[in-house]
Amino acid sequence: MSSYQFELAFRQYIAAFDGTNDLCPAEFKSLFDNVHHKDLNYLPKDEKVIGGDGMMHLKAVTPVTREEIYQLHSKHYASGQKVTLIHFRKIGLDCVDIKVRLVNGKEETTVRVVNTLSNSQVVLSREIDESFPLIVLGAKCANVVYKWKEVGTYQTMM
């Protein structure tokens, strides 16, 4: 059930990135909060470098905090970036594989992430380098380890 609720919230969130900027900051923050857990940890495939155009370019693994993700997404939303969902696949227990196309002016890129969910929100997000197919399997295994820790912490998921 958690992934279904997350999918609805995620689709609403990316629908906001239609290039029109018609949401007030409070509405955008609410959509962001519905998708991203307060303990979100984002692991890029490489080091993050934010260019003058606001686009994130990545080079060595450095975790990114929830606040940094919010600032980046806010900047992209304000610049009129468009986001298109390419695929949304459930690949494990509270684990989804998402690929999106980002278009900002004439610049276009795709991003693929494997997300671990907790309470219908992303708590751990790993960016995937698609040139290595086994990376998705590794991210899925990390999801299983995270879920075992979560079950051990709360003793039950009911």
# chains A, B, ... in the order shown; residues from 1 in each chain; ligands from 1

$ residues_around --residues "A:Thr84" --least-positions-apart "4" --cutoff "9 Å" --atoms "only C-alpha atoms" --output "ChimeraX atom specification"
/A:14-15,17-18,99-103

$ write_last_selection --atoms "N, CA and C atoms" --output "PDB file, in the first residue's frame"
ATOM      1  N   ILE A  14       5.580  15.635  -9.706  1.00  0.00           N
ATOM      2  CA  ILE A  14       6.215  15.917 -10.995  1.00  0.00           C
ATOM      3  C   ILE A  14       5.269  16.653 -11.941  1.00  0.00           C
ATOM      4  N   ALA A  15       3.960  16.534 -11.724  1.00  0.00           N
ATOM      5  CA  ALA A  15       3.007  17.283 -12.549  1.00  0.00           C
ATOM      6  C   ALA A  15       3.182  18.790 -12.342  1.00  0.00           C
ATOM      7  N   PHE A  17       5.947  20.277 -12.258  1.00  0.00           N
ATOM      8  CA  PHE A  17       7.067  20.690 -13.107  1.00  0.00           C
ATOM      9  C   PHE A  17       6.639  20.684 -14.571  1.00  0.00           C
ATOM     10  N   ASP A  18       5.676  21.540 -14.899  1.00  0.00           N
ATOM     11  CA  ASP A  18       5.179  21.627 -16.270  1.00  0.00           C
ATOM     12  C   ASP A  18       5.642  22.899 -16.972  1.00  0.00           C
ATOM     13  N   LYS A  99      12.595   6.605 -13.362  1.00  0.00           N
ATOM     14  CA  LYS A  99      13.423   7.313 -14.344  1.00  0.00           C
ATOM     15  C   LYS A  99      12.604   8.479 -14.870  1.00  0.00           C
ATOM     16  N   VAL A 100      13.208   9.678 -14.864  1.00  0.00           N
ATOM     17  CA  VAL A 100      12.530  10.880 -15.345  1.00  0.00           C
ATOM     18  C   VAL A 100      13.405  11.611 -16.354  1.00  0.00           C
ATOM     19  N   ARG A 101      12.749  12.358 -17.234  1.00  0.00           N
ATOM     20  CA  ARG A 101      13.427  13.228 -18.199  1.00  0.00           C
ATOM     21  C   ARG A 101      13.273  14.653 -17.691  1.00  0.00           C
ATOM     22  N   LEU A 102      14.381  15.373 -17.618  1.00  0.00           N
ATOM     23  CA  LEU A 102      14.393  16.763 -17.178  1.00  0.00           C
ATOM     24  C   LEU A 102      14.725  17.648 -18.368  1.00  0.00           C
ATOM     25  N   VAL A 103      13.881  18.652 -18.623  1.00  0.00           N
ATOM     26  CA  VAL A 103      14.111  19.575 -19.725  1.00  0.00           C
ATOM     27  C   VAL A 103      14.105  20.992 -19.164  1.00  0.00           C
TER      28      VAL A 103
END

$ residues_around --residues "A:Ser74" --least-positions-apart "4" --cutoff "9 Å" --atoms "only C-alpha atoms" --output "ChimeraX atom specification"
/A:25,28-29,69-70,78-79

$ write_last_selection --atoms "C-alpha atoms" --output "tab-separated table (two decimals), in the first residue's frame"
chain	number	residue	atom	x	y	z
A	25	PRO	CA	5.86	28.42	-2.56
A	28	PHE	CA	5.20	23.54	-3.77
A	29	LYS	CA	6.64	22.86	-0.28
A	69	ILE	CA	17.35	18.63	-2.49
A	70	TYR	CA	14.52	21.05	-1.65
A	78	ALA	CA	11.30	28.52	-10.50
A	79	SER	CA	13.33	28.25	-13.72

$ closest_residue --among "A:Val64, A:Ile50, A:Leu8, A:Leu23" --to "A:Gly80" --atoms "only C-alpha atoms"
A:Leu23

$ closest_residue --among "A:Gln12, A:Ser125, A:Asn104, A:Gln71" --to "A:Ser30" --atoms "only C-alpha atoms"
A:Gln12

$ atom_distance --atom1 "atom CA of A:Gly54" --atom2 "atom CA of A:Glu68"
12.3 Å

$ closest_residue --among "A:Glu127, A:Leu72, A:Val35, A:Asn41" --to "A:Gln5" --atoms "only C-alpha atoms"
A:Val35

$ select_by_dssp --residues "stretch 78-138 of chain A" --states "helix (DSSP H, G or I)" --output "list in words"
Ala78, Leu134, Ile135, Val136, Leu137 and Gly138 of chain A

$ residues_around --residues "A:His87" --least-positions-apart "6" --cutoff "12 Å" --atoms "only C-alpha atoms" --output "number ranges by chain"
A: 7, 11, 96-101, 110-114

$ write_last_selection --atoms "N, CA and C atoms" --output "mmCIF file, in the first residue's frame"
data_model
loop_
_atom_site.group_PDB
_atom_site.id
_atom_site.type_symbol
_atom_site.label_atom_id
_atom_site.label_comp_id
_atom_site.auth_asym_id
_atom_site.auth_seq_id
_atom_site.Cartn_x
_atom_site.Cartn_y
_atom_site.Cartn_z
ATOM 1 N N GLU A 7 3.258 6.598 -5.132
ATOM 2 C CA GLU A 7 3.143 6.848 -6.572
ATOM 3 C C GLU A 7 2.170 7.993 -6.855
ATOM 4 N N ARG A 11 3.448 11.421 -8.608
ATOM 5 C CA ARG A 11 2.888 11.894 -9.869
ATOM 6 C C ARG A 11 2.334 13.318 -9.737
ATOM 7 N N VAL A 96 11.170 1.348 -5.195
ATOM 8 C CA VAL A 96 10.729 1.684 -6.543
ATOM 9 C C VAL A 96 11.891 2.233 -7.363
ATOM 10 N N ASP A 97 11.870 1.882 -8.635
ATOM 11 C CA ASP A 97 12.856 2.338 -9.611
ATOM 12 C C ASP A 97 12.155 3.384 -10.467
ATOM 13 N N ILE A 98 12.696 4.610 -10.473
ATOM 14 C CA ILE A 98 12.066 5.717 -11.190
ATOM 15 C C ILE A 98 13.072 6.328 -12.157
ATOM 16 N N LYS A 99 12.595 6.605 -13.362
ATOM 17 C CA LYS A 99 13.423 7.313 -14.344
ATOM 18 C C LYS A 99 12.604 8.479 -14.870
ATOM 19 N N VAL A 100 13.208 9.678 -14.864
ATOM 20 C CA VAL A 100 12.530 10.880 -15.345
ATOM 21 C C VAL A 100 13.405 11.611 -16.354
ATOM 22 N N ARG A 101 12.749 12.358 -17.234
ATOM 23 C CA ARG A 101 13.427 13.228 -18.199
ATOM 24 C C ARG A 101 13.273 14.653 -17.691
ATOM 25 N N THR A 110 18.369 12.766 -18.425
ATOM 26 C CA THR A 110 17.538 11.791 -17.734
ATOM 27 C C THR A 110 18.220 11.407 -16.435
ATOM 28 N N VAL A 111 17.400 11.104 -15.434
ATOM 29 C CA VAL A 111 17.893 10.693 -14.124
ATOM 30 C C VAL A 111 17.139 9.439 -13.721
ATOM 31 N N ARG A 112 17.882 8.444 -13.264
ATOM 32 C CA ARG A 112 17.267 7.205 -12.778
ATOM 33 C C ARG A 112 17.672 7.007 -11.329
ATOM 34 N N VAL A 113 16.698 6.784 -10.468
ATOM 35 C CA VAL A 113 16.953 6.581 -9.048
ATOM 36 C C VAL A 113 16.182 5.366 -8.540
ATOM 37 N N VAL A 114 16.769 4.688 -7.566
ATOM 38 C CA VAL A 114 16.082 3.630 -6.845
ATOM 39 C C VAL A 114 15.784 4.188 -5.471
#

$ residues_around --residues "A:Ser118" --least-positions-apart "4" --cutoff "8 Å" --atoms "only C-alpha atoms" --output "PyMOL selection string"
chain A and resi 2+37+94+122-123

$ write_last_selection --atoms "N, CA, C and O atoms" --output "compact mmCIF listing (two decimals), in the first residue's frame"
# COMPACT_ATOMS: atom_id res chain seq x y z
N SER A 2 2.00 1.17 0.65
CA SER A 2 2.88 2.33 0.77
C SER A 2 3.34 2.83 -0.60
O SER A 2 3.37 4.04 -0.83
N HIS A 37 10.67 12.11 2.77
CA HIS A 37 10.69 11.86 4.21
C HIS A 37 11.59 12.89 4.91
O HIS A 37 12.54 13.39 4.31
N ASP A 94 8.68 -2.00 -0.65
CA ASP A 94 8.82 -0.54 -0.49
C ASP A 94 10.05 -0.01 -1.22
O ASP A 94 10.80 0.83 -0.70
N VAL A 122 9.90 8.89 0.31
CA VAL A 122 11.28 8.48 0.01
C VAL A 122 12.15 8.78 1.22
O VAL A 122 12.22 9.91 1.67
N VAL A 123 12.81 7.75 1.74
CA VAL A 123 13.73 7.95 2.85
C VAL A 123 15.18 7.75 2.40
O VAL A 123 16.10 8.34 2.94

$ closest_residue --among "A:Asp53, A:Glu108, A:Glu67, A:Asp129" --to "A:Asp33" --atoms "only C-alpha atoms"
A:Glu67

$ select_by_dssp --residues "stretch 39-113 of chain A" --states "strand (DSSP E)" --output "number ranges by chain"
A: 39-43, 48-50, 56-58, 64-65, 82-92, 95-104, 107-113

$ atom_distance --atom1 "atom CA of A:Pro44" --atom2 "atom CA of A:Ala26"
27.0 Å

$ atom_distance --atom1 "atom CA of A:Asn21" --atom2 "atom CA of A:Gly105"
14.3 Å

$ decode --residues "stretch 24-43 of chain A" --atoms "N, CA, C and O atoms" --output "tab-separated table (two decimals), in the first residue's frame"
chain	number	residue	atom	x	y	z
A	24	CYS	N	2.08	28.50	-5.58
A	24	CYS	CA	2.76	29.37	-4.62
A	24	CYS	C	3.81	28.54	-3.90
A	24	CYS	O	3.74	27.31	-3.88
A	25	PRO	N	4.81	29.18	-3.26
A	25	PRO	CA	5.86	28.42	-2.56
A	25	PRO	C	5.33	27.46	-1.51
A	25	PRO	O	5.86	26.36	-1.33
A	26	ALA	N	4.25	27.82	-0.81
A	26	ALA	CA	3.68	26.94	0.21
A	26	ALA	C	3.10	25.66	-0.41
A	26	ALA	O	3.25	24.57	0.15
A	27	GLU	N	2.45	25.79	-1.57
A	27	GLU	CA	1.89	24.62	-2.25
A	27	GLU	C	3.00	23.71	-2.76
A	27	GLU	O	2.91	22.48	-2.64
A	28	PHE	N	4.07	24.33	-3.30
A	28	PHE	CA	5.20	23.54	-3.77
A	28	PHE	C	5.86	22.79	-2.61
A	28	PHE	O	6.17	21.61	-2.71
A	29	LYS	N	6.03	23.47	-1.47
A	29	LYS	CA	6.64	22.86	-0.28
A	29	LYS	C	5.78	21.69	0.20
A	29	LYS	O	6.29	20.64	0.59
A	30	SER	N	4.46	21.86	0.16
A	30	SER	CA	3.55	20.79	0.57
A	30	SER	C	3.69	19.56	-0.33
A	30	SER	O	3.74	18.43	0.17
A	31	LEU	N	3.78	19.76	-1.63
A	31	LEU	CA	3.98	18.65	-2.57
A	31	LEU	C	5.32	17.96	-2.30
A	31	LEU	O	5.41	16.73	-2.31
A	32	PHE	N	6.36	18.75	-2.06
A	32	PHE	CA	7.69	18.22	-1.75
A	32	PHE	C	7.64	17.38	-0.48
A	32	PHE	O	8.16	16.26	-0.42
A	33	ASP	N	6.97	17.90	0.56
A	33	ASP	CA	6.88	17.20	1.84
A	33	ASP	C	6.11	15.89	1.73
A	33	ASP	O	6.40	14.94	2.46
A	34	ASN	N	5.13	15.83	0.83
A	34	ASN	CA	4.36	14.60	0.65
A	34	ASN	C	5.19	13.47	0.06
A	34	ASN	O	4.90	12.30	0.29
A	35	VAL	N	6.23	13.81	-0.69
A	35	VAL	CA	7.05	12.82	-1.37
A	35	VAL	C	8.31	12.47	-0.59
A	35	VAL	O	8.74	11.32	-0.55
A	36	HIS	N	8.93	13.46	0.07
A	36	HIS	CA	10.24	13.28	0.69
A	36	HIS	C	10.14	13.19	2.21
A	36	HIS	O	9.65	14.10	2.86
A	37	HIS	N	10.67	12.11	2.77
A	37	HIS	CA	10.69	11.86	4.21
A	37	HIS	C	11.59	12.89	4.91
A	37	HIS	O	12.54	13.39	4.31
A	38	LYS	N	11.32	13.18	6.17
A	38	LYS	CA	12.12	14.16	6.90
A	38	LYS	C	13.57	13.70	7.07
A	38	LYS	O	14.46	14.53	7.24
A	39	ASP	N	13.82	12.40	6.99
A	39	ASP	CA	15.17	11.84	7.12
A	39	ASP	C	15.76	11.44	5.77
A	39	ASP	O	16.63	10.57	5.70
A	40	LEU	N	15.30	12.08	4.70
A	40	LEU	CA	15.76	11.73	3.35
A	40	LEU	C	17.27	11.81	3.24
A	40	LEU	O	17.91	12.75	3.72
A	41	ASN	N	17.82	10.80	2.57
A	41	ASN	CA	19.24	10.77	2.26
A	41	ASN	C	19.35	10.42	0.79
A	41	ASN	O	18.90	9.37	0.35
A	42	TYR	N	19.93	11.31	-0.01
A	42	TYR	CA	20.08	11.12	-1.45
A	42	TYR	C	21.54	10.83	-1.76
A	42	TYR	O	22.43	11.59	-1.37
A	43	LEU	N	21.78	9.72	-2.44
A	43	LEU	CA	23.14	9.32	-2.78
A	43	LEU	C	23.34	9.44	-4.29
A	43	LEU	O	22.88	8.58	-5.05
